[in-house]
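What follows is query12.cif (mmCIF, C-alpha atoms).
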```cif
data_input
#
loop_
_atom_site.group_PDB
_atom_site.id
_atom_site.type_symbol
_atom_site.label_atom_id
_atom_site.label_comp_id
_atom_site.auth_asym_id
_atom_site.auth_seq_id
_atom_site.Cartn_x
_atom_site.Cartn_y
_atom_site.Cartn_z
ATOM 1 C CA MET A 6 88.530 -5.487 -8.149
ATOM 2 C CA THR A 7 88.006 -7.842 -11.102
ATOM 3 C CA THR A 8 90.789 -9.819 -12.768
ATOM 4 C CA GLU A 9 90.432 -7.614 -15.809
ATOM 5 C CA GLU A 10 90.951 -4.462 -13.745
ATOM 6 C CA ASN A 11 93.945 -6.036 -12.045
ATOM 7 C CA TYR A 12 95.387 -6.881 -15.417
ATOM 8 C CA ASN A 13 94.811 -3.337 -16.682
ATOM 9 C CA ASN A 14 96.349 -1.812 -13.581
ATOM 10 C CA ARG A 15 99.431 -4.003 -13.918
ATOM 11 C CA ILE A 16 99.756 -3.022 -17.594
ATOM 12 C CA GLN A 17 99.489 0.629 -16.611
ATOM 13 C CA GLU A 18 102.092 0.200 -13.868
ATOM 14 C CA ILE A 19 104.596 -1.405 -16.199
ATOM 15 C CA LEU A 20 104.023 1.059 -19.018
ATOM 16 C CA SER A 21 104.309 4.097 -16.769
ATOM 17 C CA GLU A 22 107.653 2.921 -15.391
ATOM 18 C CA GLY A 23 109.287 4.819 -18.212
ATOM 19 C CA LYS A 24 107.524 8.055 -17.266
ATOM 20 C CA GLY A 25 109.568 11.158 -16.549
ATOM 21 C CA GLN A 26 111.743 10.650 -19.588
ATOM 22 C CA THR A 27 113.905 13.302 -21.201
ATOM 23 C CA PHE A 28 115.466 13.702 -24.624
ATOM 24 C CA GLY A 29 118.928 13.436 -23.143
ATOM 25 C CA PRO A 30 121.440 16.011 -21.915
ATOM 26 C CA PHE A 31 121.569 19.521 -23.386
ATOM 27 C CA PHE A 32 118.268 19.060 -25.210
ATOM 28 C CA ALA A 33 117.161 22.656 -24.632
ATOM 29 C CA GLU A 34 120.573 23.918 -25.805
ATOM 30 C CA ARG A 35 120.236 21.886 -29.000
ATOM 31 C CA VAL A 36 116.765 23.307 -29.653
ATOM 32 C CA ILE A 37 118.007 26.870 -29.125
ATOM 33 C CA TYR A 38 120.978 26.192 -31.408
ATOM 34 C CA HIS A 39 118.610 24.996 -34.168
ATOM 35 C CA ILE A 40 116.451 28.093 -33.764
ATOM 36 C CA ARG A 41 119.532 30.357 -33.992
ATOM 37 C CA VAL A 42 120.706 28.546 -37.140
ATOM 38 C CA MET A 43 117.221 28.962 -38.640
ATOM 39 C CA GLN A 44 117.151 32.674 -37.824
ATOM 40 C CA ASP A 45 120.618 33.153 -39.351
ATOM 41 C CA GLN A 46 119.487 31.348 -42.497
ATOM 42 C CA VAL A 47 116.440 33.588 -42.854
ATOM 43 C CA GLU A 48 118.594 36.711 -42.405
ATOM 44 C CA TYR A 49 121.103 35.429 -44.956
ATOM 45 C CA GLN A 50 118.338 34.634 -47.455
ATOM 46 C CA LEU A 51 116.864 38.122 -47.072
ATOM 47 C CA PHE A 52 120.303 39.700 -47.461
ATOM 48 C CA SER A 53 121.167 37.615 -50.529
ATOM 49 C CA PHE A 54 117.762 38.371 -52.067
ATOM 50 C CA PHE A 55 118.418 42.119 -51.856
ATOM 51 C CA LYS A 56 122.024 41.651 -52.962
ATOM 52 C CA LYS A 57 120.855 39.771 -56.042
ATOM 53 C CA TYR A 58 118.463 42.498 -57.135
ATOM 54 C CA GLN A 59 120.231 45.616 -55.886
ATOM 55 C CA LEU A 60 122.193 46.133 -59.165
ATOM 56 C CA ALA A 61 119.030 45.836 -61.245
ATOM 57 C CA ALA A 62 117.220 48.255 -58.907
ATOM 58 C CA ILE A 63 120.048 50.831 -59.157
ATOM 59 C CA GLY A 64 119.949 50.459 -62.979
ATOM 60 C CA VAL A 65 116.210 51.207 -63.050
ATOM 61 C CA VAL A 66 116.649 54.307 -60.836
ATOM 62 C CA VAL A 67 119.484 55.652 -63.035
ATOM 63 C CA ALA A 68 117.424 55.025 -66.182
ATOM 64 C CA LEU A 69 114.476 56.953 -64.712
ATOM 65 C CA LEU A 70 116.723 59.872 -63.757
ATOM 66 C CA VAL A 71 118.271 59.983 -67.220
ATOM 67 C CA THR A 72 114.802 59.924 -68.814
ATOM 68 C CA ASN A 73 113.740 62.813 -66.585
ATOM 69 C CA ILE A 74 116.838 64.826 -67.536
ATOM 70 C CA ILE A 75 116.260 64.252 -71.251
ATOM 71 C CA LEU A 76 112.550 65.077 -71.146
ATOM 72 C CA SER A 77 112.676 68.063 -68.794
ATOM 73 C CA GLU A 78 112.940 71.521 -70.311
ATOM 74 C CA THR A 79 114.713 73.107 -67.389
ATOM 75 C CA TRP A 80 117.826 71.943 -65.606
ATOM 76 C CA SER A 81 117.117 71.861 -61.920
ATOM 77 C CA VAL A 82 117.281 69.263 -59.145
ATOM 78 C CA SER A 83 113.477 69.235 -58.827
ATOM 79 C CA SER A 84 112.998 68.696 -62.549
ATOM 80 C CA ILE A 85 115.559 65.897 -62.614
ATOM 81 C CA LEU A 86 113.807 64.213 -59.696
ATOM 82 C CA GLY A 87 110.439 64.751 -61.376
ATOM 83 C CA LEU A 88 109.219 67.144 -58.665
ATOM 84 C CA GLU A 89 108.819 70.311 -60.740
ATOM 85 C CA LYS A 90 105.467 72.082 -60.895
ATOM 86 C CA ASN A 91 103.332 71.555 -63.985
ATOM 87 C CA LEU A 92 104.106 74.510 -66.260
ATOM 88 C CA ALA A 93 101.651 73.647 -69.009
ATOM 89 C CA THR A 94 98.473 75.747 -69.001
ATOM 90 C CA ASP A 95 95.103 74.199 -68.799
ATOM 91 C CA THR A 96 93.725 74.234 -72.341
ATOM 92 C CA VAL A 97 90.099 73.762 -71.320
ATOM 93 C CA THR A 98 90.239 76.771 -68.994
ATOM 94 C CA ASP A 99 91.821 78.856 -71.781
ATOM 95 C CA ILE A 100 89.009 78.009 -74.159
ATOM 96 C CA LEU A 101 86.321 78.816 -71.609
ATOM 97 C CA GLN A 102 87.846 82.236 -70.989
ATOM 98 C CA ILE A 103 87.049 83.303 -74.577
ATOM 99 C CA ASP A 104 83.745 85.186 -74.645
ATOM 100 C CA LEU A 105 82.201 83.946 -77.897
ATOM 101 C CA TYR A 106 79.094 86.155 -77.657
ATOM 102 C CA GLN A 107 81.167 89.311 -77.407
ATOM 103 C CA ASP A 108 83.171 88.237 -80.466
ATOM 104 C CA LEU A 109 79.925 87.898 -82.468
ATOM 105 C CA ILE A 110 78.753 91.434 -81.583
ATOM 106 C CA LYS A 111 82.007 92.855 -82.874
ATOM 107 C CA MET B 26 111.331 33.191 -5.533
ATOM 108 C CA THR B 27 108.306 32.010 -7.529
ATOM 109 C CA PRO B 28 109.112 30.674 -10.986
ATOM 110 C CA GLU B 29 108.103 32.842 -13.895
ATOM 111 C CA SER B 30 104.756 31.872 -15.428
ATOM 112 C CA ASP B 31 104.498 30.239 -18.844
ATOM 113 C CA ASP B 32 102.529 33.220 -20.155
ATOM 114 C CA SER B 33 105.261 35.636 -19.170
ATOM 115 C CA LEU B 34 107.938 33.415 -20.751
ATOM 116 C CA VAL B 35 105.856 33.149 -23.931
ATOM 117 C CA ARG B 36 105.554 36.960 -24.131
ATOM 118 C CA LYS B 37 109.315 37.322 -23.744
ATOM 119 C CA SER B 38 109.949 34.584 -26.323
ATOM 120 C CA VAL B 39 107.697 36.334 -28.845
ATOM 121 C CA ASN B 40 110.020 39.333 -28.537
ATOM 122 C CA GLY B 41 112.970 37.097 -29.409
ATOM 123 C CA ASP B 42 114.184 36.315 -25.881
ATOM 124 C CA LEU B 43 115.771 32.890 -26.390
ATOM 125 C CA VAL B 44 116.740 32.604 -22.711
ATOM 126 C CA ALA B 45 113.031 32.717 -21.831
ATOM 127 C CA PHE B 46 112.275 30.178 -24.544
ATOM 128 C CA LYS B 47 114.988 27.866 -23.195
ATOM 129 C CA LEU B 48 113.265 27.958 -19.795
ATOM 130 C CA LEU B 49 110.032 26.879 -21.501
ATOM 131 C CA VAL B 50 111.839 24.004 -23.223
ATOM 132 C CA ASP B 51 113.411 22.882 -19.929
ATOM 133 C CA ARG B 52 110.061 23.085 -18.178
ATOM 134 C CA HIS B 53 108.059 21.057 -20.725
ATOM 135 C CA GLU B 54 110.688 18.661 -22.074
ATOM 136 C CA GLY B 55 109.592 15.835 -19.740
ATOM 137 C CA LYS B 56 105.964 15.817 -20.813
ATOM 138 C CA VAL B 57 106.795 16.065 -24.501
ATOM 139 C CA ALA B 58 109.458 13.346 -24.163
ATOM 140 C CA GLY B 59 106.976 11.089 -22.381
ATOM 141 C CA VAL B 60 104.453 11.328 -25.202
ATOM 142 C CA VAL B 61 106.911 11.188 -28.102
ATOM 143 C CA LYS B 62 108.958 8.311 -26.687
ATOM 144 C CA SER B 63 105.859 6.315 -25.817
ATOM 145 C CA MET B 64 104.605 6.773 -29.355
ATOM 146 C CA LEU B 65 107.888 6.235 -31.200
ATOM 147 C CA GLY B 66 110.123 4.336 -28.811
ATOM 148 C CA ALA B 67 113.508 5.540 -27.635
ATOM 149 C CA ALA B 68 114.957 5.770 -31.151
ATOM 150 C CA GLU B 69 117.011 8.760 -32.334
ATOM 151 C CA GLU B 70 113.967 9.843 -34.369
ATOM 152 C CA ALA B 71 112.132 10.503 -31.114
ATOM 153 C CA THR B 72 114.690 13.174 -30.174
ATOM 154 C CA ASP B 73 114.418 14.691 -33.652
ATOM 155 C CA VAL B 74 110.636 14.816 -33.323
ATOM 156 C CA GLY B 75 111.047 16.335 -29.850
ATOM 157 C CA GLN B 76 113.219 19.105 -31.287
ATOM 158 C CA GLU B 77 110.730 19.655 -34.090
ATOM 159 C CA VAL B 78 107.926 20.029 -31.525
ATOM 160 C CA PHE B 79 109.692 22.938 -29.820
ATOM 161 C CA ILE B 80 110.818 24.516 -33.097
ATOM 162 C CA ARG B 81 107.215 24.424 -34.393
ATOM 163 C CA PHE B 82 106.097 25.947 -31.105
ATOM 164 C CA PHE B 83 108.656 28.736 -31.447
ATOM 165 C CA GLU B 84 107.527 29.421 -35.004
ATOM 166 C CA SER B 85 103.886 29.596 -33.959
ATOM 167 C CA LEU B 86 104.453 31.718 -30.822
ATOM 168 C CA LYS B 87 102.887 34.770 -32.439
ATOM 169 C CA LYS B 88 99.739 32.792 -33.203
ATOM 170 C CA PHE B 89 99.597 31.359 -29.667
ATOM 171 C CA ARG B 90 96.703 33.153 -27.962
ATOM 172 C CA GLY B 91 96.843 31.296 -24.670
ATOM 173 C CA GLU B 92 93.405 29.715 -25.157
ATOM 174 C CA SER B 93 94.945 26.435 -24.023
ATOM 175 C CA SER B 94 97.920 26.001 -21.712
ATOM 176 C CA VAL B 95 101.447 25.804 -23.126
ATOM 177 C CA SER B 96 101.685 22.169 -22.106
ATOM 178 C CA THR B 97 98.399 21.251 -23.862
ATOM 179 C CA TYR B 98 99.551 23.088 -26.977
ATOM 180 C CA LEU B 99 102.905 21.293 -26.940
ATOM 181 C CA ILE B 100 101.335 17.870 -26.356
ATOM 182 C CA ARG B 101 99.033 18.449 -29.343
ATOM 183 C CA ILE B 102 102.009 19.282 -31.566
ATOM 184 C CA ALA B 103 103.877 16.262 -30.157
ATOM 185 C CA ILE B 104 100.964 13.914 -30.924
ATOM 186 C CA ASN B 105 100.543 15.231 -34.477
ATOM 187 C CA LEU B 106 104.250 14.993 -35.275
ATOM 188 C CA SER B 107 104.506 11.530 -33.722
ATOM 189 C CA LEU B 108 101.558 10.295 -35.787
ATOM 190 C CA ASN B 109 103.195 11.758 -38.912
ATOM 191 C CA GLU B 110 106.429 9.959 -38.036
ATOM 192 C CA ILE B 111 104.554 6.657 -37.592
ATOM 193 C CA LYS B 112 102.982 7.141 -41.038
ATOM 194 C CA LYS B 113 106.421 7.834 -42.526
ATOM 195 C CA ARG B 114 107.815 4.729 -40.859
ATOM 196 C CA LYS B 115 105.014 2.604 -42.238
ATOM 197 C CA LYS B 116 105.695 3.843 -45.757
ATOM 198 C CA ARG B 117 109.446 3.331 -45.374
ATOM 199 C CA PHE B 118 109.209 -0.166 -43.988
ATOM 200 C CA THR B 119 106.500 -1.269 -46.387
ATOM 201 C CA PHE B 120 108.731 -0.156 -49.239
ATOM 202 C CA PHE B 121 111.797 -1.997 -47.998
ATOM 203 C CA ALA B 122 109.777 -4.884 -46.514
ATOM 204 C CA ILE B 123 111.987 -5.016 -43.449
ATOM 205 C CA GLU B 124 110.846 -5.979 -39.941
ATOM 206 C CA GLU B 125 107.162 -5.619 -39.207
ATOM 207 C CA GLU B 126 106.471 -1.847 -39.150
ATOM 208 C CA GLY B 127 110.052 -1.245 -38.105
ATOM 209 C CA ILE B 128 109.428 -2.482 -34.605
ATOM 210 C CA HIS B 129 112.146 -4.357 -32.842
ATOM 211 C CA VAL B 130 110.966 -7.960 -32.576
ATOM 212 C CA PRO B 131 112.179 -9.380 -29.266
ATOM 213 C CA SER B 132 113.964 -12.700 -29.208
ATOM 214 C CA GLN B 133 112.697 -15.601 -27.080
ATOM 215 C CA GLU B 134 115.111 -14.515 -24.347
ATOM 216 C CA GLU B 135 113.813 -10.971 -24.442
ATOM 217 C CA LYS B 136 110.214 -12.136 -24.463
ATOM 218 C CA LYS B 137 110.721 -13.507 -20.976
ATOM 219 C CA ASP B 138 110.826 -9.971 -19.718
ATOM 220 C CA LEU B 139 107.254 -8.820 -19.188
ATOM 221 C CA LYS B 140 108.149 -5.196 -19.787
ATOM 222 C CA GLU B 141 109.804 -6.038 -23.115
ATOM 223 C CA MET B 142 106.754 -7.989 -24.160
ATOM 224 C CA LEU B 143 104.426 -5.216 -23.179
ATOM 225 C CA GLU B 144 106.491 -2.618 -25.011
ATOM 226 C CA TYR B 145 106.510 -4.833 -28.088
ATOM 227 C CA GLU B 146 102.745 -5.234 -27.999
ATOM 228 C CA PHE B 147 102.299 -1.543 -27.227
ATOM 229 C CA ASN B 148 104.338 -0.568 -30.279
ATOM 230 C CA ARG B 149 102.167 -2.792 -32.429
ATOM 231 C CA LEU B 150 99.003 -0.969 -31.439
ATOM 232 C CA ASP B 151 97.162 1.026 -34.054
ATOM 233 C CA PRO B 152 98.349 4.697 -33.789
ATOM 234 C CA ASP B 153 94.861 5.881 -32.772
ATOM 235 C CA PHE B 154 94.786 3.413 -29.879
ATOM 236 C CA LYS B 155 98.421 4.013 -29.034
ATOM 237 C CA VAL B 156 97.981 7.733 -28.589
ATOM 238 C CA VAL B 157 95.004 7.247 -26.264
ATOM 239 C CA ALA B 158 96.870 4.587 -24.257
ATOM 240 C CA THR B 159 99.930 6.852 -24.057
ATOM 241 C CA LEU B 160 98.010 9.773 -22.644
ATOM 242 C CA ARG B 161 95.768 7.769 -20.312
ATOM 243 C CA LEU B 162 98.010 4.950 -19.128
ATOM 244 C CA ILE B 163 101.511 6.398 -19.318
ATOM 245 C CA GLU B 164 101.141 10.148 -18.960
ATOM 246 C CA GLY B 165 98.255 9.869 -16.510
ATOM 247 C CA TYR B 166 95.876 12.319 -18.193
ATOM 248 C CA SER B 167 92.205 11.905 -17.302
ATOM 249 C CA THR B 168 89.677 10.746 -19.872
ATOM 250 C CA GLU B 169 88.377 14.325 -20.178
ATOM 251 C CA GLU B 170 91.879 15.736 -20.657
ATOM 252 C CA THR B 171 92.691 13.070 -23.242
ATOM 253 C CA ALA B 172 89.486 13.858 -25.116
ATOM 254 C CA GLU B 173 90.343 17.564 -25.066
ATOM 255 C CA LEU B 174 93.923 16.997 -26.183
ATOM 256 C CA LEU B 175 92.896 14.773 -29.065
ATOM 257 C CA GLN B 176 89.712 16.718 -29.748
ATOM 258 C CA ILE B 177 87.604 13.567 -29.855
ATOM 259 C CA PRO B 178 84.473 12.623 -27.858
ATOM 260 C CA LEU B 179 84.787 11.070 -24.394
ATOM 261 C CA GLY B 180 83.119 7.876 -25.593
ATOM 262 C CA THR B 181 85.742 7.452 -28.305
ATOM 263 C CA VAL B 182 88.537 7.794 -25.729
ATOM 264 C CA LEU B 183 86.929 5.160 -23.538
ATOM 265 C CA SER B 184 86.294 2.707 -26.365
ATOM 266 C CA ARG B 185 89.800 3.140 -27.808
ATOM 267 C CA LEU B 186 91.340 2.699 -24.381
ATOM 268 C CA SER B 187 89.437 -0.481 -23.638
ATOM 269 C CA ARG B 188 90.285 -1.893 -27.057
ATOM 270 C CA ALA B 189 93.945 -1.006 -26.559
ATOM 271 C CA GLN B 190 93.946 -2.711 -23.151
ATOM 272 C CA LEU B 191 92.256 -5.773 -24.641
ATOM 273 C CA LYS B 192 94.822 -5.974 -27.438
ATOM 274 C CA LEU B 193 97.662 -5.663 -24.937
ATOM 275 C CA ARG B 194 96.191 -8.417 -22.786
ATOM 276 C CA ILE B 195 95.685 -10.741 -25.745
ATOM 277 C CA GLY B 196 99.220 -9.994 -26.951
ATOM 278 C CA ILE B 197 100.789 -10.789 -23.604
ATOM 279 C CA GLU B 198 98.777 -13.947 -23.161
ATOM 280 C CA LYS B 199 99.916 -15.073 -26.594
ATOM 281 C CA HIS B 200 103.571 -14.622 -25.558
ATOM 282 C CA LEU B 201 103.088 -16.320 -22.223
ATOM 283 C CA LYS B 202 101.659 -19.447 -23.801
ATOM 284 C CA PRO B 203 104.295 -22.204 -23.799
#
```

In C-alpha cells, write the structure found in this file.
Amino acid sequence: MTTEENYNNRIQEILSEGKGQTFGPFFAERVIYHIRVMQDQVEYQLFSFFKKYQLAAIGVVVALLVTNIILSETWSVSSILGLEKNLATDTVTDILQIDLYQDLIK
Amino acid sequence: MTPESDDSLVRKSVNGDLVAFKLLVDRHEGKVAGVVKSMLGAAEEATDVGQEVFIRFFESLKKFRGESSVSTYLIRIAINLSLNEIKKRKKRFTFFAIEEEGIHVPSQEEKKDLKEMLEYEFNRLDPDFKVVATLRLIEGYSTEETAELLQIPLGTVLSRLSRAQLKLRIGIEKHLKP
C-alpha cells in the first residue's frame, strides 16, 4: 500500500468516526408533529376560503331564484328552479306546416 | 416477526397512516443524518434540514413510484437540501462578512486534534467535492452508488474524490507544519 493510500485510508477512518449519527431524541415525533401542523393549516385554509365566499355564493343563488320567479309565467317549484318544460312552440315548424301551394289554388 | 417492508410502509403512508410514516422516519434517520451532518456540520440547521427532508418526502409520496429505493430517494433529497443550505450560508456570510463561509475556525489548541483539523478542512471543501467525499468516505457508498445518487458519471465521482482527498491532505499538512 502506498503512502498516499495510507493517508487516504486514515482520512476515511477519522471522517467515518462520526457515522451512525442521529438528529437527536424524538426526531421522528417532531417530524410527525410538523406534518400534522401542516395538514391542520391546509384544512383551516380550505375552510376559511369557503367561509369567506359562502355569503357571496348564497347571494348569487338567491338572486338567480328571484330572477326565475320574476321571469316565469307559472308559479311552480320546477319553474322557480328553472326546470320547467319549454312551453313556447317552435316557430319554424309552424311555418313549415302551412301548405303554400294549396293556398294558391284556393 | 419480519419488519414491514419500505414499500408497504410507503403505501400506508400515502393513505395518511402517520404511524407507518413514523416507522419510515425511524428507519432512515441515521442515513439522512449522516449525509446532512457531514455536509452541514452538527449545527441546529442540520436538524432543520433533516426535518425538511422527511417533510418533502411525505409531500411527494404520491409521486414516489418506487423506481429507486426509499433510502436512495431520501439521500437525494438530503443532498439537494444540504447543497441549498450551503448556498444560503455562503450568501449570508458574504453579506455580513463574518468568519470564512461560516465555518468554525479552530484555535491553535483545537488544531492539535487531528479530527478537528480534518473536519475543518472537510468543511472548507467545495460543495461538489464535499458531497462526493461524504457519500464515498463517510457513508461508505461505492463509486457506482455515489454516481447513481448524484446522477453524474463514474469518472466525475473518481476525479472529485481524488481531488477532495488531495485537498484534505494538503490542508492537514499545512496545519501540521510548525

If we count all atoms listed in the file and set the cut-off at 8 Å, which residues sit around range 33-39 of chain A, ignoring sequence neighbours fewer than 5 positions away in its own chain? Please answer as a PyMOL selection string. chain B and resi 43+47+50-51+76+79-80

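Using only C-alpha atoms for every distance, the candidate list A:Ala61, A:Leu51, A:Leu86, A:Ile19 yields A:Ile19 as the residue closest to chain B.
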
For chain A, report every residue with an atom at most 7 Å from chain B (counting only C-alpha atoms), formatted as a count of residues only. 14

How far is it from CA of Leu34 in chain B to CA of Val42 in chain A, in Å with one decimal? 21.3 Å

Under the rule that all atoms listed in the file are counted, which of B:Glu110, B:Ala45, B:Leu174, B:Glu29 is the nearest residue to Ala68 in chain B?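 Ranking B:Glu110, B:Ala45, B:Leu174, B:Glu29 by distance to Ala68 in chain B, first place goes to B:Glu110.
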
Please provide the set of residues having any atom within 12 Å of Ser85 in chain B, restricted to only C-alpha atoms, with same-chain residues fewer than 5 positions apart removed, written as a list in words.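 The residues satisfying every condition are Val35, Ser38, Val39, Val78, Phe79, Ile80, Arg90, Gly91, Val95, Tyr98, Leu99 and Ile102 of chain B.
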
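Between CA of His200 in chain B and CA of Arg185 in chain B the separation is 22.6 Å.
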
How big is the axis-aligned box, and where does its centre sit, when it encloses all atoms of range 174-182 of chain B listed in the file and has 5 Å added on every side, reported in Å to one decimal as AutoDock Vina command-line options?
```
--center_x 88.5 --center_y 12.2 --center_z -27.1 --size_x 20.8 --size_y 19.5 --size_z 15.5
```

Please provide as a list in words all residues within 12 Å of Asp153 in chain B, with the sequence filter that same-chain residues fewer than 2 positions apart are discarded (counting all atoms listed in the file).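 Contacts, in chain order: Met64, Ile104, Asn105, Ser107, Leu108, Asn109, Ile111, Lys112, Phe147, Asn148, Arg149, Leu150, Asp151, Lys155, Val156, Val157, Ala158, Thr159, Leu160, Leu175, Ile177, Thr181, Val182, Ser184, Arg185, Leu186, Arg188 and Ala189 of chain B.
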